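What follows is the content of protein27.tsv, which has TSV, C-alpha atoms:
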```
chain	number	residue	atom	x	y	z
A	18	MET	CA	17.25	26.59	6.89
A	19	ASN	CA	16.74	22.92	6.24
A	20	ALA	CA	13.55	22.84	4.20
A	21	ASP	CA	13.29	19.05	4.16
A	22	LYS	CA	12.88	18.86	7.88
A	23	ILE	CA	10.18	21.45	8.52
A	24	PRO	CA	6.92	19.65	9.42
A	25	ASP	CA	4.03	20.32	7.05
A	26	ILE	CA	1.87	21.49	9.94
A	27	ILE	CA	4.26	24.43	10.45
A	28	ILE	CA	4.24	25.23	6.73
A	29	GLY	CA	0.45	25.27	6.92
A	30	ARG	CA	0.51	28.00	9.57
A	31	LEU	CA	2.83	30.35	7.67
A	32	PRO	CA	0.16	31.53	5.19
A	33	ILE	CA	-2.08	32.33	8.18
A	34	TYR	CA	0.65	34.47	9.71
A	35	LEU	CA	1.35	36.15	6.37
A	36	ARG	CA	-2.33	36.92	5.86
A	37	ALA	CA	-2.61	38.51	9.31
A	38	LEU	CA	0.58	40.54	8.73
A	39	GLN	CA	-0.79	41.78	5.40
A	40	ARG	CA	-3.98	42.96	7.12
A	41	MET	CA	-1.91	44.71	9.82
A	42	SER	CA	0.22	46.33	7.12
A	43	GLU	CA	-2.89	47.57	5.29
A	44	LYS	CA	-3.94	49.22	8.54
A	45	GLY	CA	-0.63	51.10	8.62
A	46	MET	CA	1.07	49.04	11.33
A	47	LYS	CA	4.85	48.71	11.09
A	48	THR	CA	5.78	46.36	13.93
A	49	THR	CA	4.10	43.58	15.89
A	50	SER	CA	4.85	41.04	18.59
A	51	SER	CA	4.22	37.31	18.72
A	52	GLN	CA	1.60	38.07	21.38
A	53	GLU	CA	-0.27	40.52	19.14
A	54	LEU	CA	0.00	38.31	16.06
A	55	GLY	CA	-1.18	35.38	18.18
A	56	GLU	CA	-4.31	37.25	19.23
A	57	HIS	CA	-5.12	37.89	15.57
A	58	VAL	CA	-4.72	34.31	14.43
A	59	GLY	CA	-5.75	32.39	17.55
A	60	ILE	CA	-2.37	30.67	17.96
A	61	SER	CA	-0.14	31.00	21.04
A	62	ALA	CA	2.75	33.47	21.00
A	63	ALA	CA	5.14	30.64	21.92
A	64	GLN	CA	4.00	28.54	18.96
A	65	ILE	CA	4.41	31.49	16.58
A	66	ARG	CA	7.93	32.23	17.83
A	67	LYS	CA	8.85	28.56	17.53
A	68	ASP	CA	7.41	28.27	14.01
A	69	ILE	CA	9.11	31.39	12.71
A	70	SER	CA	12.45	30.58	14.36
A	71	GLN	CA	12.65	27.42	12.22
A	72	PHE	CA	13.60	29.71	9.36
A	73	GLY	CA	15.93	32.20	11.05
A	74	GLU	CA	16.04	35.01	13.57
A	75	PHE	CA	13.49	37.46	12.18
A	76	GLY	CA	12.46	39.22	15.40
A	77	LYS	CA	14.31	41.35	17.93
A	78	GLN	CA	14.11	40.78	21.67
A	79	GLY	CA	12.04	43.61	23.12
A	80	THR	CA	11.01	45.28	19.85
A	81	GLY	CA	9.30	42.29	18.20
A	82	TYR	CA	8.92	41.85	14.46
A	83	SER	CA	9.14	44.42	11.67
A	84	ILE	CA	5.93	43.71	9.72
A	85	PRO	CA	7.33	44.50	6.24
A	86	PHE	CA	10.48	42.48	6.96
A	87	LEU	CA	8.61	39.44	8.31
A	88	MET	CA	6.16	39.61	5.39
A	89	ASP	CA	9.08	39.61	2.94
A	90	LYS	CA	10.65	36.64	4.68
A	91	LEU	CA	7.42	34.63	4.78
A	92	LYS	CA	6.73	35.41	1.10
A	93	GLU	CA	10.24	34.21	0.28
A	94	ILE	CA	9.82	31.00	2.30
A	95	LEU	CA	6.40	30.28	0.76
A	96	LYS	CA	7.74	31.26	-2.69
A	97	VAL	CA	5.01	33.85	-3.21
A	98	ASN	CA	7.55	36.66	-3.68
A	99	ARG	CA	6.73	36.02	-7.34
A	100	MET	CA	3.48	35.65	-9.31
A	101	TRP	CA	2.21	32.12	-10.03
A	102	ASP	CA	-0.07	31.43	-12.96
A	103	VAL	CA	-3.05	29.26	-12.06
A	104	VAL	CA	-5.70	27.57	-14.18
A	105	ILE	CA	-9.33	26.96	-13.26
A	106	VAL	CA	-10.94	23.79	-14.58
A	107	GLY	CA	-14.74	23.90	-14.43
A	108	MET	CA	-16.60	27.17	-14.88
A	109	GLY	CA	-19.65	26.47	-12.75
A	110	ASP	CA	-20.62	28.65	-9.79
A	111	ILE	CA	-17.38	28.11	-7.89
A	112	GLY	CA	-15.25	28.50	-11.01
A	113	HIS	CA	-16.94	31.85	-11.69
A	114	ALA	CA	-16.42	32.97	-8.12
A	115	LEU	CA	-12.73	32.09	-8.29
A	116	ALA	CA	-12.27	33.73	-11.71
A	117	ARG	CA	-13.79	36.94	-10.34
A	118	TYR	CA	-12.02	36.81	-6.97
A	119	SER	CA	-9.83	39.87	-6.42
A	120	GLY	CA	-7.88	38.42	-3.51
A	121	PHE	CA	-5.32	36.39	-5.45
A	122	ALA	CA	-3.13	39.12	-6.94
A	123	ASN	CA	-1.61	40.46	-3.74
A	124	ARG	CA	-0.99	36.95	-2.46
A	125	GLY	CA	1.06	35.66	-5.35
A	126	PHE	CA	-1.45	34.21	-7.82
A	127	ARG	CA	-2.90	35.13	-11.19
A	128	VAL	CA	-5.62	33.19	-12.96
A	129	ALA	CA	-4.14	32.60	-16.41
A	130	MET	CA	-6.68	30.33	-18.12
A	131	VAL	CA	-10.11	28.87	-17.47
A	132	PHE	CA	-11.44	25.60	-18.91
A	133	ASP	CA	-14.79	23.91	-19.24
A	134	VAL	CA	-16.06	20.79	-20.92
A	135	ASP	CA	-19.38	22.36	-21.94
A	136	SER	CA	-19.37	23.30	-25.64
A	137	ALA	CA	-21.89	26.07	-24.91
A	138	LYS	CA	-19.31	27.76	-22.68
A	139	VAL	CA	-16.15	27.07	-24.69
A	140	GLY	CA	-15.03	30.13	-26.63
A	141	GLN	CA	-17.35	32.41	-24.65
A	142	ARG	CA	-16.01	35.39	-22.77
A	143	VAL	CA	-16.65	34.91	-19.04
A	144	ASP	CA	-15.33	37.03	-16.18
A	145	GLY	CA	-12.67	38.49	-18.46
A	146	PHE	CA	-11.47	35.11	-19.71
A	147	THR	CA	-12.16	33.20	-22.90
A	148	VAL	CA	-13.28	29.75	-21.76
A	149	GLU	CA	-10.91	27.15	-23.21
A	150	ASP	CA	-11.97	23.67	-24.26
A	151	ALA	CA	-11.15	21.12	-21.54
A	152	ALA	CA	-10.19	18.73	-24.35
A	153	LYS	CA	-7.11	20.93	-24.85
A	154	LEU	CA	-6.24	20.98	-21.15
A	155	VAL	CA	-3.02	18.94	-21.30
A	156	GLU	CA	-1.67	20.79	-24.32
A	157	CYS	CA	-2.51	24.31	-23.09
A	158	VAL	CA	-1.28	23.81	-19.53
A	159	ARG	CA	1.93	22.11	-20.62
A	160	ASN	CA	2.72	24.78	-23.22
A	161	ALA	CA	2.13	27.57	-20.71
A	162	ARG	CA	4.23	25.67	-18.12
A	163	ILE	CA	1.57	26.22	-15.49
A	164	LYS	CA	2.18	24.37	-12.23
A	165	ILE	CA	-0.97	25.16	-10.23
A	166	ALA	CA	-4.64	24.36	-10.87
A	167	MET	CA	-7.97	24.84	-9.13
A	168	VAL	CA	-10.40	22.04	-9.97
A	169	THR	CA	-14.10	22.86	-9.67
A	170	VAL	CA	-15.69	20.01	-11.61
A	171	PRO	CA	-18.26	17.45	-10.38
A	172	ALA	CA	-16.90	14.61	-8.23
A	173	ALA	CA	-17.29	12.07	-11.04
A	174	ALA	CA	-14.94	14.07	-13.31
A	175	ALA	CA	-12.33	15.00	-10.71
A	176	GLN	CA	-9.93	12.05	-11.09
A	177	ASP	CA	-9.85	12.32	-14.88
A	178	VAL	CA	-9.17	16.07	-14.76
A	179	THR	CA	-6.55	15.51	-12.07
A	180	ASP	CA	-4.79	12.87	-14.18
A	181	LYS	CA	-4.69	15.27	-17.13
A	182	LEU	CA	-3.30	18.09	-15.00
A	183	VAL	CA	-0.59	15.80	-13.64
A	184	GLN	CA	0.20	14.69	-17.19
A	185	ALA	CA	0.53	18.37	-18.15
A	186	GLY	CA	3.08	18.97	-15.39
A	187	VAL	CA	0.89	20.53	-12.71
A	188	LYS	CA	2.38	20.06	-9.23
A	189	ALA	CA	-0.20	21.69	-6.96
A	190	ILE	CA	-3.97	21.20	-7.14
A	191	LEU	CA	-6.67	22.90	-5.11
A	192	ASN	CA	-9.56	20.46	-5.41
A	193	TYR	CA	-13.10	21.80	-4.91
A	194	ALA	CA	-14.71	18.59	-6.16
A	195	PRO	CA	-16.27	16.75	-3.21
A	196	THR	CA	-14.07	13.67	-3.56
A	197	SER	CA	-10.53	12.54	-2.85
A	198	VAL	CA	-8.21	12.14	-5.84
A	199	ASN	CA	-5.07	10.07	-6.32
A	200	VAL	CA	-1.86	11.77	-7.44
A	201	PRO	CA	1.83	10.82	-7.64
A	202	GLY	CA	3.95	11.58	-4.58
A	203	ASN	CA	5.46	14.72	-6.09
A	204	VAL	CA	2.07	16.40	-6.65
A	205	HIS	CA	0.37	18.28	-3.83
A	206	VAL	CA	-3.40	18.41	-3.33
A	207	GLN	CA	-5.41	20.54	-0.96
A	208	TYR	CA	-9.15	20.05	-0.56
A	209	ILE	CA	-11.95	22.56	-0.16
A	210	ASP	CA	-15.34	21.00	0.53
A	211	PRO	CA	-17.77	22.96	2.68
A	212	ALA	CA	-19.79	19.89	3.76
A	213	THR	CA	-16.62	18.16	5.01
A	214	HIS	CA	-15.63	21.26	6.96
A	215	LEU	CA	-19.12	21.54	8.44
A	216	GLN	CA	-19.20	17.86	9.45
A	217	ARG	CA	-15.92	18.30	11.29
A	218	MET	CA	-17.67	20.87	13.48
A	219	THR	CA	-21.05	19.17	14.02
A	220	TYR	CA	-19.21	16.45	15.96
A	221	TYR	CA	-18.76	19.04	18.71
A	222	LEU	CA	-22.32	20.40	18.70
A	223	ASP	CA	-25.10	19.29	21.04
B	8	MET	CA	-16.80	5.78	23.30
B	9	ASN	CA	-15.16	8.58	25.20
B	10	ALA	CA	-15.82	11.61	23.03
B	11	ASP	CA	-13.73	14.00	25.08
B	12	LYS	CA	-10.56	12.13	24.40
B	13	ILE	CA	-10.65	11.69	20.62
B	14	PRO	CA	-8.04	13.99	19.03
B	15	ASP	CA	-9.43	16.60	16.65
B	16	ILE	CA	-7.16	15.36	13.87
B	17	ILE	CA	-9.04	12.04	13.92
B	18	ILE	CA	-12.41	13.82	13.91
B	19	GLY	CA	-11.19	15.73	10.88
B	20	ARG	CA	-10.60	12.51	8.94
B	21	LEU	CA	-14.05	11.01	9.61
B	22	PRO	CA	-15.90	13.26	7.11
B	23	ILE	CA	-13.32	12.23	4.48
B	24	TYR	CA	-14.07	8.55	5.15
B	25	LEU	CA	-17.80	9.20	5.12
B	26	ARG	CA	-17.58	11.06	1.82
B	27	ALA	CA	-15.66	8.20	0.21
B	28	LEU	CA	-18.13	5.63	1.57
B	29	GLN	CA	-21.03	7.66	0.18
B	30	ARG	CA	-19.40	7.65	-3.26
B	31	MET	CA	-18.82	3.89	-3.02
B	32	SER	CA	-22.44	3.41	-1.99
B	33	GLU	CA	-23.67	5.49	-4.93
B	34	LYS	CA	-21.71	3.14	-7.18
B	35	GLY	CA	-23.62	0.19	-5.70
B	36	MET	CA	-20.84	-1.15	-3.48
B	37	LYS	CA	-21.93	-2.89	-0.26
B	38	THR	CA	-18.66	-3.71	1.51
B	39	THR	CA	-15.14	-2.36	1.61
B	40	SER	CA	-11.84	-2.90	3.39
B	41	SER	CA	-9.53	-0.45	5.11
B	42	GLN	CA	-7.09	-1.08	2.22
B	43	GLU	CA	-9.66	-0.15	-0.42
B	44	LEU	CA	-10.96	2.85	1.52
B	45	GLY	CA	-7.35	3.92	2.07
B	46	GLU	CA	-6.66	3.92	-1.66
B	47	HIS	CA	-9.66	6.17	-2.21
B	48	VAL	CA	-8.71	8.74	0.40
B	49	GLY	CA	-4.92	8.54	0.33
B	50	ILE	CA	-4.62	7.47	3.98
B	51	SER	CA	-3.00	4.22	5.15
B	52	ALA	CA	-5.20	1.22	5.97
B	53	ALA	CA	-3.62	1.01	9.43
B	54	GLN	CA	-4.49	4.64	10.17
B	55	ILE	CA	-8.08	4.13	9.03
B	56	ARG	CA	-8.51	1.03	11.20
B	57	LYS	CA	-7.01	2.86	14.16
B	58	ASP	CA	-9.21	5.94	13.64
B	59	ILE	CA	-12.43	3.96	13.29
B	60	SER	CA	-11.64	1.62	16.20
B	61	GLN	CA	-11.67	4.66	18.50
B	62	PHE	CA	-15.45	4.51	18.27
B	63	GLY	CA	-16.11	0.78	18.39
B	64	GLU	CA	-15.71	-2.45	16.46
B	65	PHE	CA	-17.41	-1.64	13.17
B	66	GLY	CA	-15.55	-4.04	10.87
B	67	LYS	CA	-15.23	-7.81	10.76
B	68	GLN	CA	-11.92	-9.62	10.46
B	69	GLY	CA	-11.74	-11.02	6.94
B	70	THR	CA	-14.92	-9.47	5.54
B	71	GLY	CA	-14.10	-5.80	6.20
B	72	TYR	CA	-16.70	-3.10	6.63
B	73	SER	CA	-20.35	-3.05	5.61
B	74	ILE	CA	-20.60	0.28	3.77
B	75	PRO	CA	-24.19	1.15	4.85
B	76	PHE	CA	-23.42	0.19	8.46
B	77	LEU	CA	-20.16	2.17	8.63
B	78	MET	CA	-21.85	5.16	6.96
B	79	ASP	CA	-24.61	5.06	9.58
B	80	LYS	CA	-22.07	4.88	12.38
B	81	LEU	CA	-19.98	7.76	11.02
B	82	LYS	CA	-23.09	9.88	10.50
B	83	GLU	CA	-24.10	9.17	14.08
B	84	ILE	CA	-20.63	10.05	15.42
B	85	LEU	CA	-20.48	13.26	13.35
B	86	LYS	CA	-24.11	14.03	14.27
B	87	VAL	CA	-25.15	14.31	10.64
B	88	ASN	CA	-27.79	11.58	11.02
B	89	ARG	CA	-30.10	14.60	11.23
B	90	MET	CA	-30.52	17.75	9.15
B	91	TRP	CA	-28.79	20.95	10.34
B	92	ASP	CA	-30.08	24.35	9.33
B	93	VAL	CA	-27.33	26.69	8.17
B	94	VAL	CA	-27.33	30.40	7.37
B	95	ILE	CA	-25.23	32.17	4.76
B	96	VAL	CA	-24.08	35.70	5.56
B	97	GLY	CA	-22.94	37.61	2.48
B	98	MET	CA	-24.54	37.00	-0.90
B	99	GLY	CA	-21.61	37.78	-3.16
B	100	ASP	CA	-20.18	35.24	-5.61
B	101	ILE	CA	-19.31	32.65	-2.98
B	102	GLY	CA	-22.60	33.15	-1.14
B	103	HIS	CA	-24.47	32.51	-4.39
B	104	ALA	CA	-22.42	29.42	-5.13
B	105	LEU	CA	-23.15	28.04	-1.65
B	106	ALA	CA	-26.86	28.89	-1.85
B	107	ARG	CA	-27.10	27.00	-5.14
B	108	TYR	CA	-24.88	24.09	-4.09
B	109	SER	CA	-26.74	20.79	-4.28
B	110	GLY	CA	-24.21	18.81	-2.26
B	111	PHE	CA	-25.35	19.78	1.24
B	112	ALA	CA	-28.66	17.90	1.51
B	113	ASN	CA	-27.30	14.36	1.51
B	114	ARG	CA	-24.54	15.31	3.92
B	115	GLY	CA	-26.72	16.69	6.69
B	116	PHE	CA	-27.15	20.39	5.90
B	117	ARG	CA	-29.90	22.66	4.65
B	118	VAL	CA	-29.45	26.33	3.89
B	119	ALA	CA	-32.27	27.94	5.86
B	120	MET	CA	-31.66	31.68	5.44
B	121	VAL	CA	-29.36	34.02	3.54
B	122	PHE	CA	-28.35	37.51	4.64
B	123	ASP	CA	-26.73	40.52	3.06
B	124	VAL	CA	-26.00	44.06	4.17
B	125	ASP	CA	-26.70	45.55	0.73
B	126	SER	CA	-30.12	47.24	0.66
B	127	ALA	CA	-30.32	46.56	-3.09
B	128	LYS	CA	-30.23	42.81	-2.36
B	129	VAL	CA	-32.36	42.71	0.80
B	130	GLY	CA	-35.88	41.48	0.07
B	131	GLN	CA	-34.88	40.23	-3.36
B	132	ARG	CA	-35.41	36.61	-4.37
B	133	VAL	CA	-32.01	35.02	-5.05
B	134	ASP	CA	-31.30	31.33	-5.66
B	135	GLY	CA	-34.66	30.40	-4.15
B	136	PHE	CA	-34.14	32.47	-1.00
B	137	THR	CA	-35.42	35.87	0.00
B	138	VAL	CA	-32.32	37.80	1.07
B	139	GLU	CA	-32.73	38.91	4.68
B	140	ASP	CA	-31.36	42.16	6.08
B	141	ALA	CA	-28.06	41.55	7.91
B	142	ALA	CA	-29.24	44.12	10.45
B	143	LYS	CA	-31.72	41.47	11.64
B	144	LEU	CA	-29.08	38.73	11.81
B	145	VAL	CA	-29.00	38.27	15.59
B	146	GLU	CA	-32.78	38.28	15.94
B	147	CYS	CA	-33.48	35.93	13.00
B	148	VAL	CA	-30.76	33.41	13.81
B	149	ARG	CA	-31.60	33.33	17.50
B	150	ASN	CA	-35.33	32.90	16.86
B	151	ALA	CA	-34.71	30.08	14.41
B	152	ARG	CA	-32.24	28.49	16.86
B	153	ILE	CA	-29.71	28.02	14.09
B	154	LYS	CA	-26.30	26.81	15.25
B	155	ILE	CA	-24.26	26.85	12.05
B	156	ALA	CA	-23.27	29.70	9.71
B	157	MET	CA	-21.20	30.19	6.57
B	158	VAL	CA	-19.65	33.66	6.45
B	159	THR	CA	-18.81	35.01	3.01
B	160	VAL	CA	-18.33	38.70	3.71
B	161	PRO	CA	-15.24	40.87	3.07
B	162	ALA	CA	-12.38	40.48	5.56
B	163	ALA	CA	-13.10	43.87	7.13
B	164	ALA	CA	-16.64	42.80	8.08
B	165	ALA	CA	-15.86	39.26	9.25
B	166	GLN	CA	-15.24	39.91	12.95
B	167	ASP	CA	-18.39	41.99	13.34
B	168	VAL	CA	-20.53	39.36	11.61
B	169	THR	CA	-18.86	36.63	13.69
B	170	ASP	CA	-19.58	38.50	16.92
B	171	LYS	CA	-23.24	38.81	15.94
B	172	LEU	CA	-23.51	35.13	15.07
B	173	VAL	CA	-21.96	34.17	18.41
B	174	GLN	CA	-24.37	36.52	20.15
B	175	ALA	CA	-27.23	34.77	18.33
B	176	GLY	CA	-26.13	31.38	19.63
B	177	VAL	CA	-24.22	30.03	16.61
B	178	LYS	CA	-21.63	27.40	17.62
B	179	ALA	CA	-20.01	26.50	14.30
B	180	ILE	CA	-18.80	28.95	11.66
B	181	LEU	CA	-17.36	28.20	8.25
B	182	ASN	CA	-15.44	31.38	7.46
B	183	TYR	CA	-14.75	32.22	3.81
B	184	ALA	CA	-13.55	35.73	4.62
B	185	PRO	CA	-9.77	35.88	4.13
B	186	THR	CA	-9.00	36.70	7.76
B	187	SER	CA	-8.84	35.00	11.13
B	188	VAL	CA	-11.64	35.77	13.59
B	189	ASN	CA	-11.78	35.57	17.37
B	190	VAL	CA	-14.51	33.49	19.03
B	191	PRO	CA	-15.21	32.17	22.53
B	192	GLY	CA	-13.81	28.72	23.35
B	193	ASN	CA	-17.15	26.96	22.85
B	194	VAL	CA	-17.54	28.17	19.25
B	195	HIS	CA	-15.84	26.30	16.39
B	196	VAL	CA	-14.44	27.97	13.29
B	197	GLN	CA	-13.15	26.39	10.11
B	198	TYR	CA	-11.50	28.48	7.42
B	199	ILE	CA	-11.75	28.30	3.65
B	200	ASP	CA	-9.39	30.64	1.83
B	201	PRO	CA	-8.06	29.54	-1.56
B	202	ALA	CA	-4.97	31.78	-1.45
B	203	THR	CA	-3.95	30.32	1.94
B	204	HIS	CA	-4.38	26.79	0.60
B	205	LEU	CA	-2.37	27.63	-2.52
B	206	GLN	CA	0.45	29.23	-0.49
B	207	ARG	CA	0.72	26.10	1.58
B	208	MET	CA	1.56	24.22	-1.62
B	209	THR	CA	3.88	26.73	-3.33
B	210	TYR	CA	6.36	26.15	-0.49
B	211	TYR	CA	7.01	22.73	-2.04
B	212	LEU	CA	7.25	23.89	-5.67
B	213	ASP	CA	10.49	24.66	-7.49
```
Using the file provided, produce a representation of the structure as structure tokens.
Amino acid sequence: MNADKIPDIIIGRLPIYLRALQRMSEKGMKTTSSQELGEHVGISAAQIRKDISQFGEFGKQGTGYSIPFLMDKLKEILKVNRMWDVVIVGMGDIGHALARYSGFANRGFRVAMVFDVDSAKVGQRVDGFTVEDAAKLVECVRNARIKIAMVTVPAAAAQDVTDKLVQAGVKAILNYAPTSVNVPGNVHVQYIDPATHLQRMTYYLD
Amino acid sequence: MNADKIPDIIIGRLPIYLRALQRMSEKGMKTTSSQELGEHVGISAAQIRKDISQFGEFGKQGTGYSIPFLMDKLKEILKVNRMWDVVIVGMGDIGHALARYSGFANRGFRVAMVFDVDSAKVGQRVDGFTVEDAAKLVECVRNARIKIAMVTVPAAAAQDVTDKLVQAGVKAILNYAPTSVNVPGNVHVQYIDPATHLQRMTYYLD
């Protein structure tokens, strides 16, 4: 396995495969084929086989893939065969929804701290967390050695919060603020913005 | 402009450009260059020029792009120079956050109806909307001729809700349920799943 050479577009499909395998596993299934997996995720069987074969020979000709085995391998590749602590910055509606979301634990993530800039929220108990003061963001995140953050602040505050997270050692940011942010080359950012996703689809509508 | 031939990856970047231009415009800026826009969105100036030139000659050598003009052109291309009605299916935490989100209006979208399956919620006034019974989804959406939906139901319910939306004539679905769904070829789906986005980044972490 030569991690440096795997295109990012392939890496981006692995969590989709893992998610589908987890759902199959929850339904009691033990084995699957690239055809069957492909029907679940809307990706061709050939593409799935090609993607997975980048990392080794995980399937058997004729019998397909063992679901628990392939799940273990994908978790290992994606480094979610461990639990990652994550912070949420911004406890508005989306921050609340993320703090309460039950779908992180079985996919490798645990919300460890939540921050807000609003003094009325700081120190309050919300969704099982004590809201920390965003002024202490760098210190708290650095001391806890947290590498992943979800940013749910207004667009105008996003770059400043991002800079502080980078300063604190964060290497992966899921940005819900409706704006692009600049980060050093060794920091990864993914964007979630419903209006952007919707606009990508309206292009195709009549 | 030959719409059929523009790769989807280019279409996917246009809303990012539009969003950055809107922020520039809000700050009072009137013109920009591909270099400046590129710094905002983290995409090379050459790529931006190439993407935009697919649709016509919207910039001037030396003076760059007029921000209002390029915004108008991008809105026209993405068909958000009009207001699209959108429905939300599932009024849990994410559904609430979307119903209350103020960022849709100036980007071409208006939440028109919200649905839930929970009889305790149906008929209640939530976030300025009367929650409609999900049992009436097909009828209501079809009658209102709504083409876009945001689905924020549990994974187990996502395919059934998707099938009903397709039956009602919906052509674009933003799916927040943590599962892939199957749709006919003329229906577009975009996925928002924070755990999937996070797993795509952990691959690169130490």
Proximity to chain A - best of B:Met78, B:Leu44, B:Ala165, B:Ala202, all atoms listed in the file: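 Counting all atoms listed in the file, the residue closest to chain A is B:Ala202.
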Calculate how many Å separate atom CA of Phe75 of chain A from atom CA of Gly45 of chain A, rounding to one decimal.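 For atom CA of Phe75 of chain A relative to atom CA of Gly45 of chain A, the distance reads 20.0 Å.
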Should the cut-off be 6 Å, what would the residue list for chain A against chain B look like, counting only C-alpha atoms, as a ChimeraX atom specification? /A:29,32,58,95-96,110-111,114,197,213,217,219-220
What gap, in Å, lies between atom CA of Asp92 of chain B and atom CA of Thr137 of chain B?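 Separating atom CA of Asp92 of chain B from atom CA of Thr137 of chain B is a distance of 15.8 Å.
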Could you please determine the separation between atom CA of Glu74 of chain A and atom CA of Leu38 of chain A in Å, to one decimal place?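 Interatomic distance, atom CA of Glu74 of chain A to atom CA of Leu38 of chain A: 17.1 Å.
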List as a PyMOL selection string: which residues have an atom within 12 Å of (-18.3, 43.8, 11.0), counting only C-alpha atoms? chain B and resi 96-97+124+141-142+144+158-172+184+188
Neighbour list for Asp140 of chain B as a count of residues only, cut-off 7 Å, all atoms listed in the file, skip fewer than 5 positions in-chain: 4
